[in-house]
>>> print(open('input-v8.tsv').read())   # TSV, N, CA and C atoms
chain	number	residue	atom	x	y	z
A	48	MET	N	104.21	107.01	102.96
A	48	MET	CA	103.40	108.21	102.89
A	48	MET	C	103.65	109.03	104.15
A	49	THR	N	103.81	110.33	103.94
A	49	THR	CA	104.05	111.20	105.07
A	49	THR	C	103.09	112.40	105.00
A	50	PRO	N	101.97	112.34	105.75
A	50	PRO	CA	101.05	113.48	105.75
A	50	PRO	C	101.73	114.73	106.31
A	51	PRO	N	101.24	115.91	105.92
A	51	PRO	CA	101.84	117.16	106.40
A	51	PRO	C	101.49	117.51	107.84
A	52	GLY	N	100.83	116.62	108.54
A	52	GLY	CA	100.46	116.83	109.93
A	52	GLY	C	99.45	115.78	110.34
A	53	ALA	N	99.14	115.72	111.62
A	53	ALA	CA	98.21	114.71	112.12
A	53	ALA	C	96.75	115.14	112.01
A	54	GLN	N	96.53	116.45	111.73
A	54	GLN	CA	95.17	116.95	111.61
A	54	GLN	C	94.99	117.69	110.29
A	55	PHE	N	93.86	117.41	109.65
A	55	PHE	CA	93.45	118.13	108.45
A	55	PHE	C	92.19	118.92	108.81
A	56	GLN	N	92.04	120.10	108.25
A	56	GLN	CA	90.86	120.92	108.47
A	56	GLN	C	89.93	120.81	107.26
A	57	ILE	N	88.64	120.65	107.53
A	57	ILE	CA	87.67	120.61	106.44
A	57	ILE	C	87.79	121.90	105.65
A	58	ALA	N	87.84	121.79	104.34
A	58	ALA	CA	87.99	122.91	103.40
A	58	ALA	C	89.33	123.62	103.57
A	59	GLY	N	90.29	122.99	104.22
A	59	GLY	CA	91.59	123.63	104.43
A	59	GLY	C	92.67	123.18	103.47
A	60	GLY	N	92.36	122.28	102.57
A	60	GLY	CA	93.38	121.68	101.69
A	60	GLY	C	93.56	122.45	100.41
A	61	PRO	N	94.17	121.85	99.43
A	61	PRO	CA	94.48	120.42	99.41
A	61	PRO	C	95.70	120.09	100.28
A	62	TYR	N	95.71	118.86	100.76
A	62	TYR	CA	96.81	118.36	101.56
A	62	TYR	C	97.68	117.47	100.68
A	63	THR	N	98.95	117.83	100.63
A	63	THR	CA	99.91	117.12	99.78
A	63	THR	C	100.60	116.04	100.59
A	64	ILE	N	100.51	114.80	100.11
A	64	ILE	CA	101.12	113.68	100.80
A	64	ILE	C	102.10	112.99	99.87
A	65	PRO	N	103.41	113.14	100.12
A	65	PRO	CA	104.40	112.48	99.27
A	65	PRO	C	104.45	110.98	99.54
A	66	ILE	N	104.69	110.23	98.48
A	66	ILE	CA	104.87	108.78	98.57
A	66	ILE	C	106.31	108.53	98.13
A	67	THR	N	107.14	108.13	99.08
A	67	THR	CA	108.58	108.01	98.81
A	67	THR	C	109.06	106.58	98.97
A	68	VAL	N	110.23	106.35	98.40
A	68	VAL	CA	110.92	105.08	98.54
A	68	VAL	C	112.32	105.40	99.07
A	69	ALA	N	112.86	104.51	99.91
A	69	ALA	CA	114.18	104.77	100.49
A	69	ALA	C	115.03	103.51	100.42
A	70	GLY	N	116.29	103.69	100.05
A	70	GLY	CA	117.26	102.61	100.08
A	70	GLY	C	116.98	101.47	99.13
A	71	VAL	N	116.40	101.76	97.99
A	71	VAL	CA	116.08	100.71	97.03
A	71	VAL	C	117.20	100.59	95.99
A	72	SER	N	117.36	99.40	95.43
A	72	SER	CA	118.38	99.17	94.43
A	72	SER	C	117.77	98.51	93.19
A	73	ARG	N	117.98	99.13	92.04
A	73	ARG	CA	117.58	98.59	90.74
A	73	ARG	C	116.07	98.41	90.59
A	74	LEU	N	115.30	99.36	91.06
A	74	LEU	CA	113.85	99.32	90.95
A	74	LEU	C	113.43	99.60	89.51
A	75	SER	N	112.68	98.67	88.93
A	75	SER	CA	112.23	98.82	87.55
A	75	SER	C	110.72	98.95	87.45
A	76	THR	N	110.01	98.25	88.33
A	76	THR	CA	108.54	98.28	88.34
A	76	THR	C	108.06	98.33	89.77
A	77	VAL	N	107.07	99.18	90.03
A	77	VAL	CA	106.45	99.22	91.35
A	77	VAL	C	104.95	99.41	91.17
A	78	SER	N	104.19	98.62	91.91
A	78	SER	CA	102.73	98.74	91.93
A	78	SER	C	102.31	98.93	93.37
A	79	LEU	N	101.58	100.00	93.62
A	79	LEU	CA	101.17	100.35	94.98
A	79	LEU	C	99.65	100.46	95.08
A	80	THR	N	99.12	100.07	96.21
A	80	THR	CA	97.71	100.30	96.54
A	80	THR	C	97.67	101.05	97.85
A	81	ILE	N	96.92	102.14	97.85
A	81	ILE	CA	96.76	102.98	99.03
A	81	ILE	C	95.27	103.01	99.36
A	82	THR	N	94.94	102.74	100.62
A	82	THR	CA	93.55	102.85	101.04
A	82	THR	C	93.43	103.98	102.07
A	83	PHE	N	92.23	104.57	102.11
A	83	PHE	CA	91.95	105.69	103.00
A	83	PHE	C	90.45	105.73	103.27
A	84	ASN	N	90.03	106.59	104.19
A	84	ASN	CA	88.62	106.74	104.55
A	84	ASN	C	87.95	107.71	103.57
A	85	PRO	N	87.10	107.19	102.65
A	85	PRO	CA	86.47	108.08	101.66
A	85	PRO	C	85.36	108.95	102.26
A	86	GLN	N	84.93	108.66	103.51
A	86	GLN	CA	83.93	109.52	104.15
A	86	GLN	C	84.55	110.82	104.65
A	87	ALA	N	85.87	110.82	104.90
A	87	ALA	CA	86.54	112.00	105.44
A	87	ALA	C	87.43	112.70	104.42
A	88	LEU	N	87.89	111.95	103.42
A	88	LEU	CA	88.85	112.50	102.46
A	88	LEU	C	88.43	112.22	101.02
A	89	ARG	N	88.83	113.13	100.13
A	89	ARG	CA	88.59	112.96	98.70
A	89	ARG	C	89.91	113.22	97.98
A	90	VAL	N	90.22	112.37	97.02
A	90	VAL	CA	91.44	112.55	96.23
A	90	VAL	C	91.20	113.65	95.22
A	91	ARG	N	92.08	114.63	95.23
A	91	ARG	CA	92.01	115.70	94.23
A	91	ARG	C	92.84	115.31	93.00
A	92	ALA	N	94.04	114.78	93.25
A	92	ALA	CA	94.91	114.40	92.13
A	92	ALA	C	96.02	113.48	92.62
A	93	ILE	N	96.56	112.71	91.70
A	93	ILE	CA	97.75	111.90	91.93
A	93	ILE	C	98.77	112.36	90.89
A	94	GLN	N	99.97	112.71	91.35
A	94	GLN	CA	100.99	113.21	90.43
A	94	GLN	C	102.23	112.33	90.51
A	95	GLU	N	102.87	112.18	89.38
A	95	GLU	CA	104.09	111.38	89.30
A	95	GLU	C	105.26	112.08	89.95
A	96	GLY	N	106.08	111.31	90.67
A	96	GLY	CA	107.32	111.82	91.23
A	96	GLY	C	108.44	111.63	90.23
A	97	SER	N	109.63	112.05	90.59
A	97	SER	CA	110.77	112.01	89.67
A	97	SER	C	111.67	110.78	89.82
A	98	PHE	N	111.48	109.99	90.88
A	98	PHE	CA	112.42	108.92	91.19
A	98	PHE	C	112.60	107.91	90.05
A	99	MET	N	111.51	107.46	89.46
A	99	MET	CA	111.59	106.42	88.43
A	99	MET	C	112.09	106.95	87.09
A	100	ARG	N	112.31	108.25	86.98
A	100	ARG	CA	112.83	108.84	85.74
A	100	ARG	C	114.35	109.07	85.80
A	101	GLN	N	115.00	108.48	86.80
A	101	GLN	CA	116.46	108.60	86.93
A	101	GLN	C	117.14	108.26	85.61
A	102	GLY	N	118.19	108.98	85.30
A	102	GLY	CA	118.97	108.70	84.10
A	102	GLY	C	118.26	109.05	82.81
A	103	GLY	N	117.20	109.86	82.90
A	103	GLY	CA	116.48	110.28	81.70
A	103	GLY	C	115.53	109.24	81.14
A	104	VAL	N	115.23	108.19	81.90
A	104	VAL	CA	114.32	107.15	81.44
A	104	VAL	C	112.89	107.70	81.41
A	105	ASN	N	112.16	107.37	80.35
A	105	ASN	CA	110.77	107.79	80.22
A	105	ASN	C	109.88	106.74	80.87
A	106	ALA	N	109.59	106.91	82.14
A	106	ALA	CA	108.79	105.94	82.91
A	106	ALA	C	107.32	106.04	82.53
A	107	ALA	N	106.64	104.89	82.60
A	107	ALA	CA	105.19	104.85	82.39
A	107	ALA	C	104.51	104.93	83.76
A	108	PHE	N	103.62	105.89	83.91
A	108	PHE	CA	102.94	106.14	85.18
A	108	PHE	C	101.44	106.00	84.95
A	109	THR	N	100.81	105.08	85.68
A	109	THR	CA	99.36	104.94	85.60
A	109	THR	C	98.79	104.99	87.01
A	110	GLN	N	97.61	105.56	87.12
A	110	GLN	CA	96.95	105.64	88.41
A	110	GLN	C	95.44	105.53	88.21
A	111	GLN	N	94.82	104.93	89.21
A	111	GLN	CA	93.37	104.79	89.20
A	111	GLN	C	92.86	105.05	90.61
A	112	VAL	N	91.84	105.87	90.71
A	112	VAL	CA	91.26	106.22	92.00
A	112	VAL	C	89.84	105.70	92.06
A	113	ASP	N	89.51	105.00	93.13
A	113	ASP	CA	88.13	104.59	93.40
A	113	ASP	C	87.69	105.36	94.65
A	114	SER	N	86.98	106.45	94.42
A	114	SER	CA	86.56	107.33	95.51
A	114	SER	C	85.50	106.71	96.40
A	115	THR	N	84.76	105.76	95.87
A	115	THR	CA	83.69	105.13	96.64
A	115	THR	C	84.23	104.28	97.78
A	116	ILE	N	85.26	103.49	97.50
A	116	ILE	CA	85.80	102.61	98.54
A	116	ILE	C	87.07	103.16	99.19
A	117	GLY	N	87.61	104.27	98.65
A	117	GLY	CA	88.82	104.86	99.22
A	117	GLY	C	90.07	104.09	98.85
A	118	ARG	N	90.31	103.96	97.56
A	118	ARG	CA	91.46	103.19	97.09
A	118	ARG	C	92.14	103.89	95.91
A	119	ILE	N	93.47	103.89	95.96
A	119	ILE	CA	94.29	104.43	94.88
A	119	ILE	C	95.24	103.32	94.44
A	120	ASP	N	95.29	103.07	93.13
A	120	ASP	CA	96.25	102.12	92.58
A	120	ASP	C	97.21	102.88	91.68
A	121	ILE	N	98.50	102.69	91.91
A	121	ILE	CA	99.55	103.36	91.14
A	121	ILE	C	100.51	102.30	90.61
A	122	THR	N	100.85	102.39	89.33
A	122	THR	CA	101.88	101.53	88.76
A	122	THR	C	102.87	102.41	88.01
A	123	ILE	N	104.15	102.20	88.28
A	123	ILE	CA	105.21	102.93	87.58
A	123	ILE	C	106.21	101.91	87.05
A	124	THR	N	106.50	101.98	85.76
A	124	THR	CA	107.46	101.06	85.16
A	124	THR	C	108.46	101.83	84.32
A	125	ARG	N	109.64	101.24	84.20
A	125	ARG	CA	110.70	101.77	83.35
A	125	ARG	C	110.85	100.79	82.18
A	126	PRO	N	110.02	100.93	81.14
A	126	PRO	CA	110.02	99.95	80.05
A	126	PRO	C	111.36	99.91	79.30
A	127	GLY	N	111.83	98.70	79.06
A	127	GLY	CA	113.06	98.52	78.29
A	127	GLY	C	114.32	98.88	79.04
A	128	ASP	N	114.21	99.26	80.30
A	128	ASP	CA	115.37	99.68	81.09
A	128	ASP	C	116.04	98.46	81.70
A	129	MET	N	117.36	98.38	81.63
A	129	MET	CA	118.09	97.27	82.22
A	129	MET	C	118.90	97.68	83.45
A	130	VAL	N	118.75	98.94	83.88
A	130	VAL	CA	119.52	99.46	85.02
A	130	VAL	C	118.67	99.54	86.28
A	131	GLY	N	117.49	100.10	86.19
A	131	GLY	CA	116.64	100.33	87.35
A	131	GLY	C	117.03	101.61	88.07
A	132	ALA	N	116.14	102.08	88.92
A	132	ALA	CA	116.38	103.28	89.71
A	132	ALA	C	116.84	102.86	91.10
A	133	SER	N	117.82	103.58	91.64
A	133	SER	CA	118.37	103.23	92.95
A	133	SER	C	118.44	104.44	93.86
A	134	GLY	N	118.37	104.17	95.16
A	134	GLY	CA	118.52	105.24	96.15
A	134	GLY	C	117.22	105.56	96.84
A	135	THR	N	117.00	106.85	97.06
A	135	THR	CA	115.85	107.36	97.78
A	135	THR	C	115.22	108.47	96.96
A	136	GLY	N	113.88	108.50	96.91
A	136	GLY	CA	113.24	109.57	96.15
A	136	GLY	C	111.73	109.50	96.16
A	137	LEU	N	111.15	110.41	95.40
A	137	LEU	CA	109.70	110.60	95.34
A	137	LEU	C	109.10	109.76	94.22
A	138	LEU	N	108.21	108.83	94.58
A	138	LEU	CA	107.51	108.02	93.59
A	138	LEU	C	106.29	108.76	93.05
A	139	ALA	N	105.51	109.36	93.95
A	139	ALA	CA	104.28	110.05	93.56
A	139	ALA	C	103.87	110.99	94.68
A	140	VAL	N	102.88	111.82	94.36
A	140	VAL	CA	102.31	112.73	95.34
A	140	VAL	C	100.79	112.59	95.24
A	141	ALA	N	100.14	112.44	96.40
A	141	ALA	CA	98.68	112.40	96.46
A	141	ALA	C	98.19	113.71	97.06
A	142	LEU	N	97.22	114.33	96.40
A	142	LEU	CA	96.59	115.56	96.90
A	142	LEU	C	95.19	115.20	97.38
A	143	PHE	N	94.92	115.50	98.64
A	143	PHE	CA	93.63	115.17	99.25
A	143	PHE	C	92.92	116.43	99.70
A	144	ASP	N	91.58	116.40	99.63
A	144	ASP	CA	90.73	117.40	100.25
A	144	ASP	C	90.07	116.76	101.46
A	145	ALA	N	89.99	117.49	102.56
A	145	ALA	CA	89.29	117.04	103.75
A	145	ALA	C	87.83	117.43	103.60
A	146	THR	N	86.92	116.44	103.59
A	146	THR	CA	85.52	116.71	103.26
A	146	THR	C	84.56	116.56	104.42
A	147	ALA	N	84.93	115.79	105.45
A	147	ALA	CA	84.03	115.58	106.59
A	147	ALA	C	84.86	115.17	107.81
A	148	ALA	N	84.33	115.46	108.98
A	148	ALA	CA	85.03	115.09	110.21
A	148	ALA	C	85.16	113.57	110.32
A	149	GLY	N	86.30	113.15	110.83
A	149	GLY	CA	86.53	111.72	111.00
A	149	GLY	C	88.01	111.43	111.02
A	150	ALA	N	88.34	110.16	111.06
A	150	ALA	CA	89.74	109.74	111.07
A	150	ALA	C	90.01	108.91	109.81
A	151	SER	N	91.26	108.92	109.41
A	151	SER	CA	91.65	108.10	108.27
A	151	SER	C	93.06	107.57	108.49
A	152	THR	N	93.23	106.30	108.19
A	152	THR	CA	94.55	105.71	108.17
A	152	THR	C	94.88	105.42	106.72
A	153	PHE	N	96.03	105.91	106.27
A	153	PHE	CA	96.51	105.60	104.93
A	153	PHE	C	97.29	104.29	105.03
A	154	THR	N	96.81	103.27	104.37
A	154	THR	CA	97.46	101.97	104.40
A	154	THR	C	98.02	101.68	103.02
A	155	LEU	N	99.28	101.28	102.97
A	155	LEU	CA	99.94	100.98	101.70
A	155	LEU	C	100.24	99.50	101.59
A	156	SER	N	100.20	99.01	100.37
A	156	SER	CA	100.66	97.66	100.06
A	156	SER	C	101.17	97.71	98.63
A	157	GLY	N	101.93	96.71	98.24
A	157	GLY	CA	102.41	96.70	96.88
A	157	GLY	C	103.54	95.75	96.64
A	158	VAL	N	104.00	95.74	95.39
A	158	VAL	CA	105.10	94.88	94.96
A	158	VAL	C	106.05	95.69	94.10
A	159	ALA	N	107.31	95.24	94.08
A	159	ALA	CA	108.33	95.91	93.29
A	159	ALA	C	109.25	94.85	92.70
A	160	ALA	N	109.89	95.21	91.57
A	160	ALA	CA	110.78	94.25	90.92
A	160	ALA	C	111.94	94.96	90.23
A	161	THR	N	113.03	94.20	90.04
A	161	THR	CA	114.19	94.66	89.29
A	161	THR	C	113.91	94.49	87.79
A	162	PRO	N	114.81	94.98	86.92
A	162	PRO	CA	114.62	94.78	85.48
A	162	PRO	C	114.52	93.31	85.08
A	163	GLU	N	115.14	92.42	85.84
A	163	GLU	CA	115.09	90.98	85.54
A	163	GLU	C	113.84	90.31	86.09
A	164	GLY	N	113.03	91.05	86.86
A	164	GLY	CA	111.81	90.49	87.42
A	164	GLY	C	111.96	89.95	88.82
A	165	THR	N	113.13	90.10	89.42
A	165	THR	CA	113.35	89.66	90.80
A	165	THR	C	112.56	90.57	91.74
A	166	GLN	N	111.79	89.96	92.64
A	166	GLN	CA	111.01	90.73	93.58
A	166	GLN	C	111.91	91.50	94.55
A	167	ILE	N	111.54	92.75	94.82
A	167	ILE	CA	112.24	93.59	95.80
A	167	ILE	C	111.32	93.68	97.02
A	168	PRO	N	111.80	93.27	98.20
A	168	PRO	CA	110.94	93.36	99.39
A	168	PRO	C	110.67	94.82	99.76
A	169	LEU	N	109.43	95.09	100.09
A	169	LEU	CA	109.02	96.44	100.48
A	169	LEU	C	108.48	96.42	101.90
A	170	THR	N	108.73	97.49	102.63
A	170	THR	CA	108.19	97.67	103.97
A	170	THR	C	107.35	98.95	103.95
A	171	PHE	N	106.14	98.87	104.47
A	171	PHE	CA	105.24	100.01	104.46
A	171	PHE	C	104.91	100.44	105.88
A	172	THR	N	104.77	101.76	106.05
A	172	THR	CA	104.39	102.31	107.35
A	172	THR	C	103.07	103.06	107.17
A	173	PRO	N	102.00	102.61	107.83
A	173	PRO	CA	100.74	103.35	107.71
A	173	PRO	C	100.86	104.72	108.37
A	174	ALA	N	100.02	105.63	107.92
A	174	ALA	CA	99.98	106.99	108.49
A	174	ALA	C	98.53	107.34	108.78
A	175	SER	N	98.29	108.04	109.86
A	175	SER	CA	96.92	108.40	110.25
A	175	SER	C	96.75	109.90	110.39
A	176	VAL	N	95.54	110.35	110.08
A	176	VAL	CA	95.17	111.76	110.25
A	176	VAL	C	93.77	111.83	110.84
A	177	VAL	N	93.49	112.96	111.47
A	177	VAL	CA	92.14	113.26	111.97
A	177	VAL	C	91.66	114.48	111.22
A	178	VAL	N	90.44	114.40	110.70
A	178	VAL	CA	89.84	115.54	109.99
A	178	VAL	C	88.85	116.21	110.94
A	179	ARG	N	89.05	117.54	111.09
A	179	ARG	CA	88.17	118.32	111.98
A	179	ARG	C	87.51	119.43	111.21
>>> encode(input="input-v8.tsv", output="structure tokens")
Amino acid sequence: MTPPGAQFQIAGGPYTIPITVAGVSRLSTVSLTITFNPQALRVRAIQEGSFMRQGGVNAAFTQQVDSTIGRIDITITRPGDMVGASGTGLLAVALFDATAAGASTFTLSGVAATPEGTQIPLTFTPASVVVR
């Protein structure tokens, strides 16, 4: 996740935060969990990126937002695909509104797999913002 800056202004959004993957090979399924401070931020929308649709595959995209605890769950799969998506690209985009002063760290976790079900190791980098 890469926020558009280290500071968000209350009522200044929405703030678009891309969720990208880099250097992956044969990605068929990815499940991500993102946590954030729900006292400072509110999710406006989660939108699908284009990465998992490589080669014209019709990917299944599901997302669930729990605004009370500050959690987003995203799952993207390429059903019936035996190739997987490779390279670098946009998995999803999160749109946030800044609602109250405070700080928030976006923490990511998740799992990924090839079409055969082999786990793909993922490395996540947290990102922080201050809402003023």
>>> residues_around(input="input-v8.tsv", residues="stretch 65-77 of chain A", least_positions_apart="5", cutoff="9 Å", atoms="only C-alpha atoms", output="PyMOL selection string")
chain A and resi 48-51+96+98-99+121-126+128-142+157-164+167+169
>>> write_last_selection(input="input-v8.tsv", atoms="N, CA and C atoms", output="mmCIF file, in the coordinates of the input")
data_model
loop_
_atom_site.group_PDB
_atom_site.id
_atom_site.type_symbol
_atom_site.label_atom_id
_atom_site.label_comp_id
_atom_site.auth_asym_id
_atom_site.auth_seq_id
_atom_site.Cartn_x
_atom_site.Cartn_y
_atom_site.Cartn_z
ATOM 1 N N MET A 48 104.210 107.010 102.960
ATOM 2 C CA MET A 48 103.400 108.210 102.890
ATOM 3 C C MET A 48 103.650 109.030 104.150
ATOM 4 N N THR A 49 103.810 110.330 103.940
ATOM 5 C CA THR A 49 104.050 111.200 105.070
ATOM 6 C C THR A 49 103.090 112.400 105.000
ATOM 7 N N PRO A 50 101.970 112.340 105.750
ATOM 8 C CA PRO A 50 101.050 113.480 105.750
ATOM 9 C C PRO A 50 101.730 114.730 106.310
ATOM 10 N N PRO A 51 101.240 115.910 105.920
ATOM 11 C CA PRO A 51 101.840 117.160 106.400
ATOM 12 C C PRO A 51 101.490 117.510 107.840
ATOM 13 N N GLY A 96 106.080 111.310 90.670
ATOM 14 C CA GLY A 96 107.320 111.820 91.230
ATOM 15 C C GLY A 96 108.440 111.630 90.230
ATOM 16 N N PHE A 98 111.480 109.990 90.880
ATOM 17 C CA PHE A 98 112.420 108.920 91.190
ATOM 18 C C PHE A 98 112.600 107.910 90.050
ATOM 19 N N MET A 99 111.510 107.460 89.460
ATOM 20 C CA MET A 99 111.590 106.420 88.430
ATOM 21 C C MET A 99 112.090 106.950 87.090
ATOM 22 N N ILE A 121 98.500 102.690 91.910
ATOM 23 C CA ILE A 121 99.550 103.360 91.140
ATOM 24 C C ILE A 121 100.510 102.300 90.610
ATOM 25 N N THR A 122 100.850 102.390 89.330
ATOM 26 C CA THR A 122 101.880 101.530 88.760
ATOM 27 C C THR A 122 102.870 102.410 88.010
ATOM 28 N N ILE A 123 104.150 102.200 88.280
ATOM 29 C CA ILE A 123 105.210 102.930 87.580
ATOM 30 C C ILE A 123 106.210 101.910 87.050
ATOM 31 N N THR A 124 106.500 101.980 85.760
ATOM 32 C CA THR A 124 107.460 101.060 85.160
ATOM 33 C C THR A 124 108.460 101.830 84.320
ATOM 34 N N ARG A 125 109.640 101.240 84.200
ATOM 35 C CA ARG A 125 110.700 101.770 83.350
ATOM 36 C C ARG A 125 110.850 100.790 82.180
ATOM 37 N N PRO A 126 110.020 100.930 81.140
ATOM 38 C CA PRO A 126 110.020 99.950 80.050
ATOM 39 C C PRO A 126 111.360 99.910 79.300
ATOM 40 N N ASP A 128 114.210 99.260 80.300
ATOM 41 C CA ASP A 128 115.370 99.680 81.090
ATOM 42 C C ASP A 128 116.040 98.460 81.700
ATOM 43 N N MET A 129 117.360 98.380 81.630
ATOM 44 C CA MET A 129 118.090 97.270 82.220
ATOM 45 C C MET A 129 118.900 97.680 83.450
ATOM 46 N N VAL A 130 118.750 98.940 83.880
ATOM 47 C CA VAL A 130 119.520 99.460 85.020
ATOM 48 C C VAL A 130 118.670 99.540 86.280
ATOM 49 N N GLY A 131 117.490 100.100 86.190
ATOM 50 C CA GLY A 131 116.640 100.330 87.350
ATOM 51 C C GLY A 131 117.030 101.610 88.070
ATOM 52 N N ALA A 132 116.140 102.080 88.920
ATOM 53 C CA ALA A 132 116.380 103.280 89.710
ATOM 54 C C ALA A 132 116.840 102.860 91.100
ATOM 55 N N SER A 133 117.820 103.580 91.640
ATOM 56 C CA SER A 133 118.370 103.230 92.950
ATOM 57 C C SER A 133 118.440 104.440 93.860
ATOM 58 N N GLY A 134 118.370 104.170 95.160
ATOM 59 C CA GLY A 134 118.520 105.240 96.150
ATOM 60 C C GLY A 134 117.220 105.560 96.840
ATOM 61 N N THR A 135 117.000 106.850 97.060
ATOM 62 C CA THR A 135 115.850 107.360 97.780
ATOM 63 C C THR A 135 115.220 108.470 96.960
ATOM 64 N N GLY A 136 113.880 108.500 96.910
ATOM 65 C CA GLY A 136 113.240 109.570 96.150
ATOM 66 C C GLY A 136 111.730 109.500 96.160
ATOM 67 N N LEU A 137 111.150 110.410 95.400
ATOM 68 C CA LEU A 137 109.700 110.600 95.340
ATOM 69 C C LEU A 137 109.100 109.760 94.220
ATOM 70 N N LEU A 138 108.210 108.830 94.580
ATOM 71 C CA LEU A 138 107.510 108.020 93.590
ATOM 72 C C LEU A 138 106.290 108.760 93.050
ATOM 73 N N ALA A 139 105.510 109.360 93.950
ATOM 74 C CA ALA A 139 104.280 110.050 93.560
ATOM 75 C C ALA A 139 103.870 110.990 94.680
ATOM 76 N N VAL A 140 102.880 111.820 94.360
ATOM 77 C CA VAL A 140 102.310 112.730 95.340
ATOM 78 C C VAL A 140 100.790 112.590 95.240
ATOM 79 N N ALA A 141 100.140 112.440 96.400
ATOM 80 C CA ALA A 141 98.680 112.400 96.460
ATOM 81 C C ALA A 141 98.190 113.710 97.060
ATOM 82 N N LEU A 142 97.220 114.330 96.400
ATOM 83 C CA LEU A 142 96.590 115.560 96.900
ATOM 84 C C LEU A 142 95.190 115.200 97.380
ATOM 85 N N GLY A 157 101.930 96.710 98.240
ATOM 86 C CA GLY A 157 102.410 96.700 96.880
ATOM 87 C C GLY A 157 103.540 95.750 96.640
ATOM 88 N N VAL A 158 104.000 95.740 95.390
ATOM 89 C CA VAL A 158 105.100 94.880 94.960
ATOM 90 C C VAL A 158 106.050 95.690 94.100
ATOM 91 N N ALA A 159 107.310 95.240 94.080
ATOM 92 C CA ALA A 159 108.330 95.910 93.290
ATOM 93 C C ALA A 159 109.250 94.850 92.700
ATOM 94 N N ALA A 160 109.890 95.210 91.570
ATOM 95 C CA ALA A 160 110.780 94.250 90.920
ATOM 96 C C ALA A 160 111.940 94.960 90.230
ATOM 97 N N THR A 161 113.030 94.200 90.040
ATOM 98 C CA THR A 161 114.190 94.660 89.290
ATOM 99 C C THR A 161 113.910 94.490 87.790
ATOM 100 N N PRO A 162 114.810 94.980 86.920
ATOM 101 C CA PRO A 162 114.620 94.780 85.480
ATOM 102 C C PRO A 162 114.520 93.310 85.080
ATOM 103 N N GLU A 163 115.140 92.420 85.840
ATOM 104 C CA GLU A 163 115.090 90.980 85.540
ATOM 105 C C GLU A 163 113.840 90.310 86.090
ATOM 106 N N GLY A 164 113.030 91.050 86.860
ATOM 107 C CA GLY A 164 111.810 90.490 87.420
ATOM 108 C C GLY A 164 111.960 89.950 88.820
ATOM 109 N N ILE A 167 111.540 92.750 94.820
ATOM 110 C CA ILE A 167 112.240 93.590 95.800
ATOM 111 C C ILE A 167 111.320 93.680 97.020
ATOM 112 N N LEU A 169 109.430 95.090 100.090
ATOM 113 C CA LEU A 169 109.020 96.440 100.480
ATOM 114 C C LEU A 169 108.480 96.420 101.900
#
>>> residues_near_point(input="input-v8.tsv", point="(100.2, 106.6, 87.5)", cutoff="7 Å", atoms="all atoms listed in the file", output="NGL selection string")
:A and (93-95 or 107-111 or 120-123)
>>> write_last_selection(input="input-v8.tsv", atoms="N, CA and C atoms", output="tab-separated table (two decimals), in the coordinates of the input")
chain	number	residue	atom	x	y	z
A	93	ILE	N	96.56	112.71	91.70
A	93	ILE	CA	97.75	111.90	91.93
A	93	ILE	C	98.77	112.36	90.89
A	94	GLN	N	99.97	112.71	91.35
A	94	GLN	CA	100.99	113.21	90.43
A	94	GLN	C	102.23	112.33	90.51
A	95	GLU	N	102.87	112.18	89.38
A	95	GLU	CA	104.09	111.38	89.30
A	95	GLU	C	105.26	112.08	89.95
A	107	ALA	N	106.64	104.89	82.60
A	107	ALA	CA	105.19	104.85	82.39
A	107	ALA	C	104.51	104.93	83.76
A	108	PHE	N	103.62	105.89	83.91
A	108	PHE	CA	102.94	106.14	85.18
A	108	PHE	C	101.44	106.00	84.95
A	109	THR	N	100.81	105.08	85.68
A	109	THR	CA	99.36	104.94	85.60
A	109	THR	C	98.79	104.99	87.01
A	110	GLN	N	97.61	105.56	87.12
A	110	GLN	CA	96.95	105.64	88.41
A	110	GLN	C	95.44	105.53	88.21
A	111	GLN	N	94.82	104.93	89.21
A	111	GLN	CA	93.37	104.79	89.20
A	111	GLN	C	92.86	105.05	90.61
A	120	ASP	N	95.29	103.07	93.13
A	120	ASP	CA	96.25	102.12	92.58
A	120	ASP	C	97.21	102.88	91.68
A	121	ILE	N	98.50	102.69	91.91
A	121	ILE	CA	99.55	103.36	91.14
A	121	ILE	C	100.51	102.30	90.61
A	122	THR	N	100.85	102.39	89.33
A	122	THR	CA	101.88	101.53	88.76
A	122	THR	C	102.87	102.41	88.01
A	123	ILE	N	104.15	102.20	88.28
A	123	ILE	CA	105.21	102.93	87.58
A	123	ILE	C	106.21	101.91	87.05
>>> residues_around(input="input-v8.tsv", residues="A:Arg89", least_positions_apart="4", cutoff="6 Å", atoms="only N, CA and C atoms", output="list in words")
Pro85, Leu142, Phe143, Asp144, Ala145 and Thr146 of chain A
>>> residues_near_point(input="input-v8.tsv", point="(95.9, 111.3, 113.3)", cutoff="8 Å", atoms="all atoms listed in the file", output="number ranges by chain")
A: 52-55, 150-152, 174-178
>>> atom_distance(input="input-v8.tsv", atom1="atom CA of A:Gln56", atom2="atom CA of A:Leu155")
22.9 Å
>>> select_by_dssp(input="input-v8.tsv", residues="chain A", states="helix (DSSP H, G or I)", output="ChimeraX atom specification")
/A:98-103
>>> axis_aligned_box(input="input-v8.tsv", around="stretch 77-86 of chain A", padding_each_side="4 Å", output="AutoDock Vina command-line options")
--center_x 95.5 --center_y 104.7 --center_z 97.3 --size_x 31.1 --size_y 20.2 --size_z 22.6
>>> closest_residue(input="input-v8.tsv", among="A:Ala147, A:Ile116, A:Thr170, A:Gly127", to="A:Phe83", atoms="only N, CA and C atoms")
A:Ile116
>>> closest_residue(input="input-v8.tsv", among="A:Ser156, A:Val90, A:Gly103, A:Pro173", to="A:Ser78", atoms="only C-alpha atoms")
A:Ser156
>>> residues_around(input="input-v8.tsv", residues="A:Arg118", least_positions_apart="6", cutoff="5 Å", atoms="only N, CA and C atoms", output="list in words")
Ile81, Thr82, Phe83 and Val112 of chain A
>>> atom_distance(input="input-v8.tsv", atom1="atom C of A:Thr165", atom2="atom C of A:Gln101")
19.3 Å
>>> atom_distance(input="input-v8.tsv", atom1="atom N of A:Gln166", atom2="atom C of A:Ala106")
19.5 Å
>>> select_by_dssp(input="input-v8.tsv", residues="stretch 59-176 of chain A", states="strand (DSSP E or B)", output="ChimeraX atom specification")
/A:62-74,76-82,88-95,107-113,118-124,132-145,149-160,166-167,174-176
